[in-house]
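A.B. asks: CSV, N, CA and C atoms, saved as data37.csv, coming up:
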chain,number,residue,atom,x,y,z
A,1,MET,N,-32.2,50.5,129.2
A,1,MET,CA,-31.3,49.4,128.7
A,1,MET,C,-31.5,49.2,127.2
A,2,GLN,N,-30.4,49.2,126.6
A,2,GLN,CA,-30.4,49.0,125.1
A,2,GLN,C,-30.0,47.6,124.8
A,3,GLY,N,-30.4,47.2,123.6
A,3,GLY,CA,-30.0,45.9,123.1
A,3,GLY,C,-30.9,44.8,123.4
A,4,VAL,N,-32.1,45.0,124.0
A,4,VAL,CA,-33.0,44.0,124.3
A,4,VAL,C,-34.4,44.3,123.6
A,5,GLY,N,-34.4,45.2,122.6
A,5,GLY,CA,-35.6,45.5,121.9
A,5,GLY,C,-36.5,46.3,122.7
A,6,PHE,N,-36.0,47.1,123.6
A,6,PHE,CA,-36.8,48.0,124.4
A,6,PHE,C,-37.7,48.9,123.6
A,7,ARG,N,-37.0,49.6,122.6
A,7,ARG,CA,-37.8,50.6,121.8
A,7,ARG,C,-38.9,49.9,121.1
A,8,GLN,N,-38.6,48.8,120.4
A,8,GLN,CA,-39.7,48.1,119.6
A,8,GLN,C,-40.8,47.7,120.5
A,9,ALA,N,-40.5,47.1,121.7
A,9,ALA,CA,-41.5,46.7,122.6
A,9,ALA,C,-42.3,47.8,123.1
A,10,ALA,N,-41.6,49.0,123.4
A,10,ALA,CA,-42.3,50.1,123.9
A,10,ALA,C,-43.3,50.7,122.8
A,11,VAL,N,-42.8,50.7,121.6
A,11,VAL,CA,-43.7,51.1,120.5
A,11,VAL,C,-45.0,50.3,120.4
A,12,ALA,N,-44.8,49.0,120.5
A,12,ALA,CA,-46.0,48.1,120.5
A,12,ALA,C,-46.9,48.3,121.6
A,13,ARG,N,-46.3,48.4,122.8
A,13,ARG,CA,-47.1,48.7,124.0
A,13,ARG,C,-47.9,50.0,123.9
A,14,ALA,N,-47.2,51.1,123.6
A,14,ALA,CA,-47.8,52.4,123.5
A,14,ALA,C,-48.9,52.4,122.4
A,15,ARG,N,-48.6,51.8,121.3
A,15,ARG,CA,-49.7,51.7,120.3
A,15,ARG,C,-50.9,51.0,120.8
A,16,SER,N,-50.7,49.9,121.5
A,16,SER,CA,-51.8,49.1,122.0
A,16,SER,C,-52.6,49.9,123.0
A,17,LEU,N,-52.0,50.9,123.7
A,17,LEU,CA,-52.7,51.8,124.6
A,17,LEU,C,-53.2,53.1,123.9
A,18,ASP,N,-53.0,53.1,122.6
A,18,ASP,CA,-53.4,54.3,121.7
A,18,ASP,C,-52.8,55.6,122.2
A,19,LEU,N,-51.5,55.5,122.6
A,19,LEU,CA,-50.7,56.7,123.0
A,19,LEU,C,-50.0,57.3,121.9
A,20,ALA,N,-49.7,58.5,122.0
A,20,ALA,CA,-48.8,59.2,121.0
A,20,ALA,C,-47.5,59.5,121.6
A,21,GLY,N,-46.5,59.8,120.8
A,21,GLY,CA,-45.2,60.1,121.4
A,21,GLY,C,-44.0,59.4,120.7
A,22,TRP,N,-42.9,59.2,121.4
A,22,TRP,CA,-41.8,58.6,120.8
A,22,TRP,C,-40.9,58.0,121.9
A,23,VAL,N,-40.0,57.1,121.5
A,23,VAL,CA,-39.0,56.5,122.4
A,23,VAL,C,-37.7,56.5,121.7
A,24,ALA,N,-36.5,56.7,122.4
A,24,ALA,CA,-35.2,56.8,121.7
A,24,ALA,C,-34.2,56.3,122.7
A,25,ASN,N,-33.1,55.6,122.2
A,25,ASN,CA,-31.9,55.3,122.9
A,25,ASN,C,-31.1,56.6,123.0
A,26,LEU,N,-30.5,56.8,124.2
A,26,LEU,CA,-29.6,57.9,124.3
A,26,LEU,C,-28.1,57.4,124.3
A,27,ALA,N,-27.2,58.3,124.1
A,27,ALA,CA,-25.8,58.0,123.9
A,27,ALA,C,-25.2,57.4,125.2
A,28,ASP,N,-25.8,57.7,126.4
A,28,ASP,CA,-25.3,57.1,127.6
A,28,ASP,C,-25.8,55.8,127.9
A,29,GLY,N,-26.6,55.2,127.0
A,29,GLY,CA,-27.2,53.8,127.3
A,29,GLY,C,-28.6,53.8,127.8
A,30,SER,N,-29.1,55.0,128.2
A,30,SER,CA,-30.4,55.0,128.8
A,30,SER,C,-31.4,55.2,127.6
A,31,VAL,N,-32.7,55.2,128.0
A,31,VAL,CA,-33.8,55.3,127.0
A,31,VAL,C,-34.6,56.5,127.5
A,32,GLU,N,-35.1,57.3,126.5
A,32,GLU,CA,-35.9,58.5,126.8
A,32,GLU,C,-37.2,58.3,126.0
A,33,ALA,N,-38.3,58.6,126.6
A,33,ALA,CA,-39.6,58.5,125.9
A,33,ALA,C,-40.6,59.7,126.3
A,34,VAL,N,-41.5,59.9,125.4
A,34,VAL,CA,-42.5,60.9,125.6
A,34,VAL,C,-43.8,60.2,125.3
A,35,PHE,N,-44.8,60.3,126.2
A,35,PHE,CA,-46.1,59.7,126.1
A,35,PHE,C,-47.2,60.7,126.2
A,36,GLU,N,-48.1,60.8,125.3
A,36,GLU,CA,-49.2,61.6,125.3
A,36,GLU,C,-50.5,60.8,125.2
A,37,GLY,N,-51.5,61.1,126.0
A,37,GLY,CA,-52.8,60.4,126.0
A,37,GLY,C,-53.4,60.5,127.3
A,38,PRO,N,-54.5,59.8,127.5
A,38,PRO,CA,-55.3,59.8,128.8
A,38,PRO,C,-54.3,59.4,129.9
A,39,ARG,N,-54.5,60.1,131.1
A,39,ARG,CA,-53.6,59.9,132.2
A,39,ARG,C,-53.5,58.5,132.6
A,40,ASP,N,-54.6,57.7,132.7
A,40,ASP,CA,-54.5,56.3,133.1
A,40,ASP,C,-53.7,55.5,132.2
A,41,ARG,N,-53.8,55.8,130.9
A,41,ARG,CA,-53.0,55.0,129.9
A,41,ARG,C,-51.5,55.4,130.0
A,42,VAL,N,-51.2,56.6,130.2
A,42,VAL,CA,-49.8,57.1,130.3
A,42,VAL,C,-49.3,56.4,131.5
A,43,GLU,N,-50.0,56.4,132.7
A,43,GLU,CA,-49.5,55.8,133.9
A,43,GLU,C,-49.3,54.3,133.7
A,44,SER,N,-50.1,53.6,132.9
A,44,SER,CA,-49.9,52.2,132.6
A,44,SER,C,-48.7,52.0,131.8
A,45,MET,N,-48.4,52.9,130.9
A,45,MET,CA,-47.2,52.8,130.1
A,45,MET,C,-45.9,53.0,130.9
A,46,VAL,N,-46.0,54.0,131.8
A,46,VAL,CA,-44.8,54.3,132.7
A,46,VAL,C,-44.6,53.1,133.6
A,47,ASP,N,-45.7,52.4,134.1
A,47,ASP,CA,-45.5,51.2,134.9
A,47,ASP,C,-44.9,50.1,134.1
A,48,TRP,N,-45.3,50.0,132.8
A,48,TRP,CA,-44.6,49.0,132.0
A,48,TRP,C,-43.1,49.3,131.8
A,49,CYS,N,-42.8,50.6,131.7
A,49,CYS,CA,-41.4,50.9,131.5
A,49,CYS,C,-40.5,50.5,132.7
A,50,ARG,N,-41.1,50.5,133.9
A,50,ARG,CA,-40.4,50.1,135.1
A,50,ARG,C,-40.0,48.6,135.0
A,51,ARG,N,-40.7,47.8,134.2
A,51,ARG,CA,-40.4,46.4,134.0
A,51,ARG,C,-39.6,46.2,132.7
A,52,GLY,N,-40.2,46.8,131.6
A,52,GLY,CA,-39.6,46.6,130.3
A,52,GLY,C,-40.0,45.3,129.7
A,53,PRO,N,-39.5,45.0,128.5
A,53,PRO,CA,-39.8,43.7,127.9
A,53,PRO,C,-39.0,42.6,128.5
A,54,SER,N,-39.3,41.4,128.2
A,54,SER,CA,-38.6,40.2,128.7
A,54,SER,C,-37.1,40.4,128.3
A,55,GLY,N,-36.2,40.2,129.3
A,55,GLY,CA,-34.8,40.3,129.1
A,55,GLY,C,-34.2,41.6,129.4
A,56,ALA,N,-35.1,42.6,129.7
A,56,ALA,CA,-34.6,43.9,130.0
A,56,ALA,C,-34.2,44.0,131.5
A,57,ARG,N,-33.2,44.9,131.8
A,57,ARG,CA,-32.9,45.3,133.1
A,57,ARG,C,-33.2,46.8,133.2
A,58,VAL,N,-34.1,47.1,134.0
A,58,VAL,CA,-34.4,48.6,134.2
A,58,VAL,C,-33.9,49.0,135.6
A,59,ASP,N,-33.0,49.9,135.6
A,59,ASP,CA,-32.4,50.3,136.9
A,59,ASP,C,-33.2,51.5,137.5
A,60,GLY,N,-34.0,52.1,136.8
A,60,GLY,CA,-34.8,53.2,137.3
A,60,GLY,C,-35.6,53.9,136.3
A,61,VAL,N,-36.6,54.6,136.7
A,61,VAL,CA,-37.4,55.4,135.8
A,61,VAL,C,-37.6,56.8,136.4
A,62,SER,N,-37.3,57.8,135.6
A,62,SER,CA,-37.5,59.2,136.1
A,62,SER,C,-38.7,59.8,135.3
A,63,GLU,N,-39.5,60.5,135.9
A,63,GLU,CA,-40.7,61.1,135.3
A,63,GLU,C,-40.7,62.6,135.4
A,64,ALA,N,-41.2,63.2,134.3
A,64,ALA,CA,-41.4,64.6,134.3
A,64,ALA,C,-42.7,64.9,133.5
A,65,ARG,N,-43.6,65.5,134.2
A,65,ARG,CA,-44.9,65.8,133.5
A,65,ARG,C,-44.8,67.2,132.8
A,66,GLU,N,-45.2,67.2,131.5
A,66,GLU,CA,-45.1,68.4,130.7
A,66,GLU,C,-46.5,68.6,130.0
A,67,GLN,N,-46.6,69.8,129.5
A,67,GLN,CA,-47.8,70.1,128.7
A,67,GLN,C,-47.7,69.3,127.4
A,68,PRO,N,-48.8,68.7,126.9
A,68,PRO,CA,-48.8,68.0,125.7
A,68,PRO,C,-48.4,68.9,124.5
A,69,THR,N,-47.8,68.3,123.5
A,69,THR,CA,-47.3,69.1,122.4
A,69,THR,C,-48.1,68.7,121.1
A,70,GLY,N,-49.0,67.8,121.2
A,70,GLY,CA,-49.8,67.4,120.0
A,70,GLY,C,-49.2,66.3,119.2
A,71,GLU,N,-48.4,65.5,119.9
A,71,GLU,CA,-47.8,64.3,119.2
A,71,GLU,C,-48.9,63.5,118.5
A,72,ARG,N,-48.5,62.9,117.3
A,72,ARG,CA,-49.4,62.0,116.6
A,72,ARG,C,-48.7,60.7,116.4
A,73,GLY,N,-49.4,59.6,116.7
A,73,GLY,CA,-48.8,58.3,116.5
A,73,GLY,C,-47.7,58.1,117.5
A,74,PHE,N,-47.2,56.9,117.5
A,74,PHE,CA,-46.1,56.5,118.4
A,74,PHE,C,-45.0,55.9,117.6
A,75,ARG,N,-43.7,56.4,117.8
A,75,ARG,CA,-42.6,55.9,116.9
A,75,ARG,C,-41.3,55.8,117.7
A,76,ALA,N,-40.5,55.0,117.2
A,76,ALA,CA,-39.1,54.8,117.7
A,76,ALA,C,-38.2,55.9,117.0
A,77,GLU,N,-37.5,56.6,117.7
A,77,GLU,CA,-36.6,57.6,117.1
A,77,GLU,C,-35.1,57.0,117.1
A,78,PHE,N,-34.3,57.6,116.3
A,78,PHE,CA,-32.9,57.2,116.2
A,78,PHE,C,-32.3,57.7,117.5
A,79,ALA,N,-31.1,57.2,117.8
A,79,ALA,CA,-30.3,57.6,119.0
A,79,ALA,C,-30.2,59.1,119.1
A,80,GLN,N,-30.4,59.6,120.3
A,80,GLN,CA,-30.3,61.0,120.5
A,80,GLN,C,-29.2,61.3,121.6
A,81,ARG,N,-28.7,62.5,121.5
A,81,ARG,CA,-27.8,63.0,122.5
A,81,ARG,C,-28.6,63.3,123.8
A,82,PRO,N,-28.0,63.3,125.0
A,82,PRO,CA,-28.8,63.6,126.2
A,82,PRO,C,-29.5,64.9,126.2
A,83,SER,N,-29.0,65.9,125.4
A,83,SER,CA,-29.6,67.2,125.3
A,83,SER,C,-30.9,67.1,124.5
A,84,GLY,N,-31.2,65.9,123.9
A,84,GLY,CA,-32.5,65.7,123.1
A,84,GLY,C,-32.3,66.0,121.6
A,85,LYS,N,-31.1,66.4,121.2
A,85,LYS,CA,-30.9,66.6,119.8
A,85,LYS,C,-30.4,65.4,119.1
A,86,GLU,N,-31.0,65.1,117.9
A,86,GLU,CA,-30.6,63.9,117.2
A,86,GLU,C,-29.1,63.9,116.8
A,87,GLN,N,-28.5,62.8,116.8
A,87,GLN,CA,-27.1,62.6,116.4
A,87,GLN,C,-27.0,62.5,114.9
Have the structure of the file written as structure tokens, please.

C.D. replies:
Amino acid sequence: MQGVGFRQAAVARARSLDLAGWVANLADGSVEAVFEGPRDRVESMVDWCRRGPSGARVDGVSEAREQPTGERGFRAEFAQRPSGKEQ
């Protein structure tokens, strides 16, 4: 859900959990994120995403586990196309 500060809230939450990665709004109105860190902290972050920040409406969360890529820090990205390429 876009327009409720989801990305900014996700950045704050991920940083508080000392996770690396990014979060971005997609052209279709959904949000995509990558989280790297200890499994329990990543799972906590995914659980948070199911609720989102105050005022958010989350219709669903899809998960895909991947090999870590060595992300550093956590950041909000600009809008991306569903293919994952920046607009």

A.B. asks: Expressed in Å to a single decimal, how great is the separation between atom N of Ala56 (chain A) and CA of Pro68 (chain A)?

C.D. replies: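 Straight-line distance from atom N of Ala56 (chain A) to CA of Pro68 (chain A) works out to 29.1 Å.
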
A.B. asks: Per DSSP on the backbone, filter chain A down to the residues in strand (DSSP E or B) and report them as a ChimeraX atom specification.

C.D. replies: /A:20-26,31-36,74-76,80,86

A.B. asks: Work out how far atom N of Ala64 (chain A) is from CA of Gln8 (chain A), in Å to one decimal.

C.D. replies: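 Interatomic distance here is 21.1 Å.
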
A.B. asks: Counting only C-alpha atoms, write as a list in words all protein and nucleic acid residues lying at most 9 Å from (-38.0, 52.0, 120.9) in the file's frame.

C.D. replies: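 All residues meeting the 9 Å criterion around (-38.0, 52.0, 120.9) are Gly5, Phe6, Arg7, Gln8, Ala9, Ala10, Val11, Ala12, Trp22, Val23, Ala24, Asn25, Val31, Ala33, Arg75, Ala76, Glu77 and Phe78 of chain A.
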
A.B. asks: Given the choices A:Glu32, A:Val58, A:Gly52, A:Pro38, which gets closest to Arg13 (chain A) if the distance is worked out from only C-alpha atoms?

C.D. replies: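 Selected residue with least distance to Arg13 (chain A): A:Gly52.
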